[in-house]
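A.B. asks: Just so it is clear, I am handing over upload39.pdb, which has PDB, C-alpha atoms, pLDDT in the B column.
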MODEL        1
ATOM      1  CA  MET A   1     106.380  88.878  78.941  1.00 83.00           C
ATOM      2  CA  GLY A   2     104.104  90.594  81.439  1.00 95.00           C
ATOM      3  CA  LEU A   3     100.350  90.816  81.217  1.00 98.00           C
ATOM      4  CA  LEU A   4      98.431  94.002  80.486  1.00 98.00           C
ATOM      5  CA  THR A   5      95.684  94.258  83.102  1.00 98.00           C
ATOM      6  CA  PHE A   6      92.904  96.807  82.759  1.00 98.00           C
ATOM      7  CA  SER A   7      91.644  97.911  86.162  1.00 97.00           C
ATOM      8  CA  LEU A   8      89.048 100.548  86.911  1.00 96.00           C
ATOM      9  CA  ASN A   9      86.243 101.570  89.244  1.00 96.00           C
ATOM     10  CA  LEU A  10      82.777 101.372  87.746  1.00 96.00           C
ATOM     11  CA  THR A  11      79.177 101.498  88.886  1.00 97.00           C
ATOM     12  CA  LEU A  12      76.588  98.808  88.228  1.00 96.00           C
ATOM     13  CA  ASP A  13      75.411 100.697  85.141  1.00 96.00           C
ATOM     14  CA  GLY A  14      78.961 100.969  83.759  1.00 95.00           C
ATOM     15  CA  CYS A  15      79.731 104.569  84.718  1.00 96.00           C
ATOM     16  CA  VAL A  16      83.471 105.182  85.054  1.00 95.00           C
ATOM     17  CA  ASP A  17      83.285 108.755  86.388  1.00 93.00           C
ATOM     18  CA  HIS A  18      85.952 108.745  89.119  1.00 87.00           C
ATOM     19  CA  GLN A  19      83.666 110.782  91.396  1.00 91.00           C
ATOM     20  CA  GLU A  20      80.989 108.054  91.469  1.00 94.00           C
ATOM     21  CA  GLY A  21      83.008 105.360  93.248  1.00 93.00           C
ATOM     22  CA  ILE A  22      83.525 104.818  96.961  1.00 93.00           C
ATOM     23  CA  ALA A  23      86.879 106.385  97.849  1.00 89.00           C
ATOM     24  CA  ASP A  24      87.579 104.855 101.247  1.00 91.00           C
ATOM     25  CA  ASP A  25      90.514 103.072 102.884  1.00 89.00           C
ATOM     26  CA  GLU A  26      89.314  99.678 101.703  1.00 93.00           C
ATOM     27  CA  THR A  27      89.151 100.805  98.063  1.00 93.00           C
ATOM     28  CA  HIS A  28      92.596 102.400  98.238  1.00 89.00           C
ATOM     29  CA  THR A  29      94.046  99.299  99.897  1.00 91.00           C
ATOM     30  CA  PHE A  30      92.625  97.197  97.057  1.00 94.00           C
ATOM     31  CA  PHE A  31      94.212  99.385  94.376  1.00 94.00           C
ATOM     32  CA  THR A  32      97.508  99.631  96.292  1.00 93.00           C
ATOM     33  CA  ARG A  33      97.689  95.823  96.265  1.00 95.00           C
ATOM     34  CA  LEU A  34      97.063  95.762  92.503  1.00 96.00           C
ATOM     35  CA  MET A  35      99.734  98.395  91.964  1.00 96.00           C
ATOM     36  CA  ASN A  36     102.204  96.459  94.143  1.00 96.00           C
ATOM     37  CA  GLU A  37     101.635  93.359  92.003  1.00 96.00           C
ATOM     38  CA  SER A  38     102.401  95.257  88.781  1.00 97.00           C
ATOM     39  CA  GLY A  39     105.668  96.502  87.371  1.00 98.00           C
ATOM     40  CA  ALA A  40     104.307  99.716  85.841  1.00 98.00           C
ATOM     41  CA  MET A  41     101.249 101.907  85.397  1.00 98.00           C
ATOM     42  CA  LEU A  42      99.845 102.871  81.984  1.00 98.00           C
ATOM     43  CA  TRP A  43      97.530 105.838  81.466  1.00 98.00           C
ATOM     44  CA  GLY A  44      96.250 108.161  78.819  1.00 97.00           C
ATOM     45  CA  ARG A  45      97.042 111.867  79.061  1.00 97.00           C
ATOM     46  CA  VAL A  46      93.706 112.840  80.637  1.00 95.00           C
ATOM     47  CA  THR A  47      94.075 110.301  83.464  1.00 95.00           C
ATOM     48  CA  TYR A  48      97.696 111.332  84.007  1.00 97.00           C
ATOM     49  CA  GLU A  49      96.724 114.989  84.275  1.00 96.00           C
ATOM     50  CA  MET A  50      93.941 114.184  86.736  1.00 94.00           C
ATOM     51  CA  MET A  51      96.378 112.175  88.887  1.00 95.00           C
ATOM     52  CA  GLU A  52      99.390 114.527  88.701  1.00 95.00           C
ATOM     53  CA  GLY A  53      97.357 117.399  90.134  1.00 91.00           C
ATOM     54  CA  TYR A  54      96.770 115.656  93.454  1.00 93.00           C
ATOM     55  CA  TRP A  55      98.780 112.501  94.253  1.00 95.00           C
ATOM     56  CA  PRO A  56     102.322 113.948  94.276  1.00 96.00           C
ATOM     57  CA  ALA A  57     101.196 116.530  96.873  1.00 95.00           C
ATOM     58  CA  VAL A  58      99.752 113.731  99.037  1.00 95.00           C
ATOM     59  CA  ALA A  59     103.002 111.752  98.741  1.00 95.00           C
ATOM     60  CA  ARG A  60     104.994 114.836  99.828  1.00 94.00           C
ATOM     61  CA  GLY A  61     102.711 115.377 102.836  1.00 93.00           C
ATOM     62  CA  GLU A  62     101.305 118.658 101.492  1.00 95.00           C
ATOM     63  CA  GLU A  63      97.764 117.221 101.520  1.00 93.00           C
ATOM     64  CA  LYS A  64      96.396 115.494 104.611  1.00 91.00           C
ATOM     65  CA  ALA A  65      95.405 111.902 103.984  1.00 91.00           C
ATOM     66  CA  PRO A  66      94.487 108.796 105.986  1.00 91.00           C
ATOM     67  CA  PRO A  67      97.165 106.047 106.118  1.00 90.00           C
ATOM     68  CA  ALA A  68      95.740 103.901 103.270  1.00 86.00           C
ATOM     69  CA  ILE A  69      95.553 106.872 100.919  1.00 89.00           C
ATOM     70  CA  LEU A  70      99.031 108.067 101.902  1.00 91.00           C
ATOM     71  CA  GLU A  71     100.401 104.557 101.254  1.00 91.00           C
ATOM     72  CA  TRP A  72      98.839 104.572  97.764  1.00 91.00           C
ATOM     73  CA  ALA A  73     100.314 108.008  97.022  1.00 94.00           C
ATOM     74  CA  VAL A  74     103.829 107.124  98.198  1.00 95.00           C
ATOM     75  CA  LYS A  75     103.900 103.862  96.241  1.00 94.00           C
ATOM     76  CA  LEU A  76     102.447 105.553  93.162  1.00 95.00           C
ATOM     77  CA  GLU A  77     105.180 108.177  93.366  1.00 96.00           C
ATOM     78  CA  ALA A  78     107.838 105.450  93.067  1.00 96.00           C
ATOM     79  CA  LYS A  79     106.067 103.322  90.430  1.00 97.00           C
ATOM     80  CA  PRO A  80     107.050 103.714  86.758  1.00 98.00           C
ATOM     81  CA  LYS A  81     104.233 105.538  84.975  1.00 98.00           C
ATOM     82  CA  TYR A  82     103.815 105.411  81.192  1.00 98.00           C
ATOM     83  CA  VAL A  83     101.593 107.924  79.437  1.00 98.00           C
ATOM     84  CA  VAL A  84     100.152 107.701  75.936  1.00 98.00           C
ATOM     85  CA  SER A  85      99.664 111.139  74.415  1.00 96.00           C
ATOM     86  CA  SER A  86      99.778 112.684  70.978  1.00 94.00           C
ATOM     87  CA  THR A  87      99.401 116.230  72.340  1.00 95.00           C
ATOM     88  CA  ARG A  88     101.795 116.391  75.276  1.00 95.00           C
ATOM     89  CA  THR A  89     105.422 115.290  75.553  1.00 95.00           C
ATOM     90  CA  ASP A  90     106.536 116.652  78.941  1.00 95.00           C
ATOM     91  CA  PHE A  91     105.571 114.534  81.956  1.00 97.00           C
ATOM     92  CA  PRO A  92     107.470 115.892  84.984  1.00 95.00           C
ATOM     93  CA  TRP A  93     105.927 113.699  87.707  1.00 96.00           C
ATOM     94  CA  SER A  94     108.605 111.340  89.049  1.00 95.00           C
ATOM     95  CA  ASN A  95     109.172 108.136  87.081  1.00 97.00           C
ATOM     96  CA  SER A  96     106.862 109.232  84.246  1.00 98.00           C
ATOM     97  CA  HIS A  97     107.602 108.275  80.648  1.00 97.00           C
ATOM     98  CA  HIS A  98     105.971 109.310  77.380  1.00 98.00           C
ATOM     99  CA  ILE A  99     104.754 106.686  74.920  1.00 96.00           C
ATOM    100  CA  ASP A 100     104.401 107.885  71.363  1.00 92.00           C
ATOM    101  CA  GLY A 101     104.658 106.371  67.923  1.00 93.00           C
ATOM    102  CA  ASP A 102     102.852 103.200  66.912  1.00 97.00           C
ATOM    103  CA  LEU A 103     100.552 102.365  69.836  1.00 97.00           C
ATOM    104  CA  TYR A 104     100.534  98.601  69.274  1.00 98.00           C
ATOM    105  CA  THR A 105     104.322  98.344  69.024  1.00 98.00           C
ATOM    106  CA  GLN A 106     105.025 100.645  71.962  1.00 98.00           C
ATOM    107  CA  VAL A 107     102.585  98.938  74.348  1.00 98.00           C
ATOM    108  CA  GLN A 108     103.662  95.450  73.257  1.00 98.00           C
ATOM    109  CA  ASN A 109     107.287  96.470  73.924  1.00 98.00           C
ATOM    110  CA  LEU A 110     106.254  97.749  77.367  1.00 98.00           C
ATOM    111  CA  LYS A 111     104.555  94.425  78.134  1.00 98.00           C
ATOM    112  CA  ASP A 112     107.595  92.503  76.881  1.00 98.00           C
ATOM    113  CA  SER A 113     109.975  94.531  79.047  1.00 97.00           C
ATOM    114  CA  THR A 114     107.832  94.441  82.222  1.00 98.00           C
ATOM    115  CA  PRO A 115     107.701  90.844  83.548  1.00 97.00           C
ATOM    116  CA  ALA A 116     105.592  91.840  86.567  1.00 98.00           C
ATOM    117  CA  GLY A 117     102.956  93.213  84.201  1.00 98.00           C
ATOM    118  CA  VAL A 118     101.435  96.575  83.403  1.00 98.00           C
ATOM    119  CA  LEU A 119      98.355  98.002  85.141  1.00 98.00           C
ATOM    120  CA  LEU A 120      96.189 100.057  82.773  1.00 98.00           C
ATOM    121  CA  GLY A 121      93.884 102.594  84.403  1.00 96.00           C
ATOM    122  CA  SER A 122      92.345 104.698  81.620  1.00 95.00           C
ATOM    123  CA  GLY A 123      88.978 103.916  80.053  1.00 93.00           C
ATOM    124  CA  LYS A 124      89.431 105.566  76.654  1.00 93.00           C
ATOM    125  CA  LEU A 125      92.926 104.141  76.259  1.00 97.00           C
ATOM    126  CA  ALA A 126      91.595 100.699  77.243  1.00 97.00           C
ATOM    127  CA  THR A 127      89.137 100.837  74.353  1.00 96.00           C
ATOM    128  CA  GLU A 128      91.972 101.514  71.909  1.00 96.00           C
ATOM    129  CA  LEU A 129      94.205  98.817  73.414  1.00 97.00           C
ATOM    130  CA  ASP A 130      91.354  96.307  73.422  1.00 96.00           C
ATOM    131  CA  ARG A 131      90.747  97.057  69.732  1.00 96.00           C
ATOM    132  CA  LEU A 132      94.439  96.197  69.220  1.00 97.00           C
ATOM    133  CA  ASP A 133      93.954  92.933  71.157  1.00 96.00           C
ATOM    134  CA  LEU A 134      96.546  93.883  73.809  1.00 98.00           C
ATOM    135  CA  ILE A 135      94.559  93.520  77.070  1.00 98.00           C
ATOM    136  CA  ASP A 136      95.048  90.185  78.841  1.00 98.00           C
ATOM    137  CA  GLU A 137      93.108  90.629  82.091  1.00 98.00           C
ATOM    138  CA  TYR A 138      90.427  92.815  83.631  1.00 98.00           C
ATOM    139  CA  LYS A 139      90.248  93.654  87.329  1.00 98.00           C
ATOM    140  CA  PHE A 140      87.219  95.816  87.949  1.00 97.00           C
ATOM    141  CA  LEU A 141      85.945  97.171  91.218  1.00 97.00           C
ATOM    142  CA  VAL A 142      82.169  97.314  90.757  1.00 98.00           C
ATOM    143  CA  HIS A 143      80.579  99.809  93.149  1.00 98.00           C
ATOM    144  CA  PRO A 144      77.023  99.406  94.522  1.00 97.00           C
ATOM    145  CA  ARG A 145      75.746 102.486  92.755  1.00 97.00           C
ATOM    146  CA  ILE A 146      73.736 103.365  89.674  1.00 97.00           C
ATOM    147  CA  ALA A 147      75.019 106.670  88.352  1.00 97.00           C
ATOM    148  CA  GLY A 148      72.556 107.181  85.524  1.00 96.00           C
ATOM    149  CA  HIS A 149      75.144 109.074  83.454  1.00 96.00           C
ATOM    150  CA  GLY A 150      78.432 108.611  81.665  1.00 93.00           C
ATOM    151  CA  PRO A 151      81.109 108.279  80.765  1.00 94.00           C
ATOM    152  CA  THR A 152      80.626 104.535  80.529  1.00 95.00           C
ATOM    153  CA  LEU A 153      82.971 101.621  79.997  1.00 94.00           C
ATOM    154  CA  TYR A 154      83.688 101.028  76.292  1.00 94.00           C
ATOM    155  CA  GLN A 155      81.363 103.879  75.376  1.00 92.00           C
ATOM    156  CA  SER A 156      82.735 104.094  71.821  1.00 91.00           C
ATOM    157  CA  GLY A 157      82.387 100.357  71.278  1.00 92.00           C
ATOM    158  CA  LEU A 158      84.517  97.391  70.270  1.00 93.00           C
ATOM    159  CA  PRO A 159      84.555  95.527  66.960  1.00 92.00           C
ATOM    160  CA  SER A 160      83.452  92.260  68.585  1.00 92.00           C
ATOM    161  CA  THR A 161      82.438  90.710  71.887  1.00 94.00           C
ATOM    162  CA  ARG A 162      85.239  89.785  74.289  1.00 94.00           C
ATOM    163  CA  ARG A 163      84.859  86.388  75.970  1.00 96.00           C
ATOM    164  CA  LEU A 164      86.175  86.377  79.531  1.00 97.00           C
ATOM    165  CA  GLU A 165      86.866  83.698  82.121  1.00 98.00           C
ATOM    166  CA  LEU A 166      86.096  84.531  85.754  1.00 98.00           C
ATOM    167  CA  ILE A 167      89.235  84.052  87.848  1.00 98.00           C
ATOM    168  CA  SER A 168      87.881  85.415  91.129  1.00 98.00           C
ATOM    169  CA  SER A 169      85.346  87.681  92.760  1.00 98.00           C
ATOM    170  CA  MET A 170      85.608  89.190  96.204  1.00 97.00           C
ATOM    171  CA  PRO A 171      83.072  91.391  98.001  1.00 98.00           C
ATOM    172  CA  LEU A 172      84.453  94.294 100.010  1.00 97.00           C
ATOM    173  CA  ARG A 173      82.907  95.495 103.277  1.00 97.00           C
ATOM    174  CA  ASN A 174      81.837  98.734 101.572  1.00 96.00           C
ATOM    175  CA  GLY A 175      79.590  96.784  99.176  1.00 97.00           C
ATOM    176  CA  ALA A 176      81.860  96.933  96.126  1.00 97.00           C
ATOM    177  CA  VAL A 177      82.846  93.682  94.423  1.00 98.00           C
ATOM    178  CA  ALA A 178      86.312  93.057  93.004  1.00 98.00           C
ATOM    179  CA  MET A 179      86.005  91.088  89.766  1.00 98.00           C
ATOM    180  CA  HIS A 180      89.024  89.453  88.087  1.00 98.00           C
ATOM    181  CA  TYR A 181      88.585  88.150  84.541  1.00 98.00           C
ATOM    182  CA  ARG A 182      91.058  86.752  82.028  1.00 98.00           C
ATOM    183  CA  ARG A 183      90.582  87.149  78.290  1.00 97.00           C
ATOM    184  CA  VAL A 184      89.647  83.923  76.488  1.00 96.00           C
ATOM    185  CA  ARG A 185      91.523  83.847  73.185  1.00 90.00           C
ATOM    186  CA  GLY A 186      90.792  81.678  70.183  1.00 79.00           C
TER     187      GLY A 186
ENDMDL
END
Starting from the file, lay out its structure as structure tokens.
C.D. replies:
Amino acid sequence: MGLLTFSLNLTLDGCVDHQEGIADDETHTFFTRLMNESGAMLWGRVTYEMMEGYWPAVARGEEKAPPAILEWAVKLEAKPKYVVSSTRTDFPWSNSHHIDGDLYTQVQNLKDSTPAGVLLGSGKLATELDRLDLIDEYKFLVHPRIAGHGPTLYQSGLPSTRRLELISSMPLRNGAVAMHYRRVRG
């Protein structure tokens, strides 16, 4: 069984607005490495729609991009992408699959069938999956910024505190810090 790893950019005050992070080669290299280590991506519909409007065009060479960003786009194009949505069923981007039905069962089945693990990259979906006790690890890239606005991580709350064990931390040259935590169970 693979692990479900929640990974996201966030500011020091917990803002997860994708426009608030540092989008440079170093950041994209970091996320490309995470994607390479995982067997599949898992997103909610809103994240999927944000991504599908830009990254396929970069992968096809229709949008100019530096090498690190192009590498991310090309590898993302090939990676299996699973999308949770109750309002949309058609996901035409290559290697995209719809997840519907019982969320716990469907995501647990995805974990069970993906030995290399699943990389989750949607904040709202993470809240729901954490409430279902499905997230095993957290790999956050904390940016040296205070946004002063939302949306914020776990904005709608969790039923209880999650205890985490620090596995590693690594500062990047751009001032962001990569934090890897594992869920402590029991």
A.B. asks: Selection in question (the file shown): the PyMOL selection byres ((chain A and resi 14) around 8). Which residues does it include, as a list of chain:residue names?
C.D. replies: A:Leu10, A:Thr11, A:Leu12, A:Asp13, A:Cys15, A:Val16, A:Gly150, A:Thr152, A:Leu153
A.B. asks: Write to file, as an mmCIF file, in the frame of the given file, the residues of the selection just made, with C-alpha atoms.
C.D. replies:
data_model
loop_
_atom_site.group_PDB
_atom_site.id
_atom_site.type_symbol
_atom_site.label_atom_id
_atom_site.label_comp_id
_atom_site.auth_asym_id
_atom_site.auth_seq_id
_atom_site.Cartn_x
_atom_site.Cartn_y
_atom_site.Cartn_z
ATOM 1 C CA LEU A 10 82.777 101.372 87.746
ATOM 2 C CA THR A 11 79.177 101.498 88.886
ATOM 3 C CA LEU A 12 76.588 98.808 88.228
ATOM 4 C CA ASP A 13 75.411 100.697 85.141
ATOM 5 C CA CYS A 15 79.731 104.569 84.718
ATOM 6 C CA VAL A 16 83.471 105.182 85.054
ATOM 7 C CA GLY A 150 78.432 108.611 81.665
ATOM 8 C CA THR A 152 80.626 104.535 80.529
ATOM 9 C CA LEU A 153 82.971 101.621 79.997
#
A.B. asks: For the structure shown, which residues end up in the PyMOL selection byres ((chain A and resi 145) around 12)? Put them as a PyMOL selection string, please?
C.D. replies: chain A and resi 9-17+19-22+141-144+146-149+174-177
A.B. asks: I would like the residues chosen by the PyMOL selection byres ((chain A and resi 50-62) around 8) on the shown file; could you give them as a list in words?
C.D. replies: Val46, Thr47, Tyr48, Glu49, Glu63, Lys64, Ala65, Leu70, Ala73, Val74, Leu76, Glu77 and Trp93 of chain A
A.B. asks: Could you dump the residues just selected with C-alpha atoms as a PDB file, keeping the file's coordinate frame?
C.D. replies:
ATOM      1  CA  VAL A  46      93.706 112.840  80.637  1.00 95.00           C
ATOM      2  CA  THR A  47      94.075 110.301  83.464  1.00 95.00           C
ATOM      3  CA  TYR A  48      97.696 111.332  84.007  1.00 97.00           C
ATOM      4  CA  GLU A  49      96.724 114.989  84.275  1.00 96.00           C
ATOM      5  CA  GLU A  63      97.764 117.221 101.520  1.00 93.00           C
ATOM      6  CA  LYS A  64      96.396 115.494 104.611  1.00 91.00           C
ATOM      7  CA  ALA A  65      95.405 111.902 103.984  1.00 91.00           C
ATOM      8  CA  LEU A  70      99.031 108.067 101.902  1.00 91.00           C
ATOM      9  CA  ALA A  73     100.314 108.008  97.022  1.00 94.00           C
ATOM     10  CA  VAL A  74     103.829 107.124  98.198  1.00 95.00           C
ATOM     11  CA  LEU A  76     102.447 105.553  93.162  1.00 95.00           C
ATOM     12  CA  GLU A  77     105.180 108.177  93.366  1.00 96.00           C
ATOM     13  CA  TRP A  93     105.927 113.699  87.707  1.00 96.00           C
TER      14      TRP A  93
END
A.B. asks: For a cutoff of 10 Å around the file-coordinate point (89.4, 100.6, 105.2), which residues qualify once you count all atoms listed in the file? I'd like the result as a list of chain:residue names.
C.D. replies: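 It turns out the residues near that spot are A:Ala23, A:Asp24, A:Asp25, A:Glu26, A:Thr27, A:His28, A:Thr29, A:Phe30, A:Pro66, A:Pro67, A:Ala68, A:Ile69, A:Leu172, A:Arg173, A:Asn174.
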A.B. asks: Please report the interatomic distance between atom CA of Ala40 of chain A and atom CA of Thr5 of chain A in Å with one decimal.
C.D. replies: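 Atom-to-atom, atom CA of Ala40 of chain A and atom CA of Thr5 of chain A are spaced 10.6 Å apart.
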A.B. asks: May I ask which of the residues A:Ser156, A:Arg182, A:Arg163, A:Leu3 is the closest one to Thr127 of chain A, counting all atoms listed in the file?
C.D. replies: A:Ser156
A.B. asks: Can you measure atom CA of Pro80 of chain A to atom CA of Ser96 of chain A for me? One decimal in Å is fine.
C.D. replies: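 Going from atom CA of Pro80 of chain A over to atom CA of Ser96 of chain A covers 6.1 Å.
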A.B. asks: Quick one: everything within 12 Å of Asn109 of chain A, counting all atoms listed in the file, minus sequence neighbours fewer than 3 positions away in the same chain. Send it as a list in words.
C.D. replies: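 Here the answer would be Met1, Gly2, Leu3, Leu4, Ile99, Gly101, Asp102, Leu103, Tyr104, Thr105, Gln106, Asp112, Ser113, Thr114, Pro115, Gly117, Val118 and Leu134 of chain A.
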A.B. asks: Go through A:Arg33, A:His97, A:Arg183, A:Arg45 one by one, measure the shortest atom-to-atom distance of each to Ile135 of chain A using only C-alpha atoms, and give the residue with the smallest value.
C.D. replies: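 Of the candidates, the smallest distance to Ile135 of chain A is held by A:Arg183.
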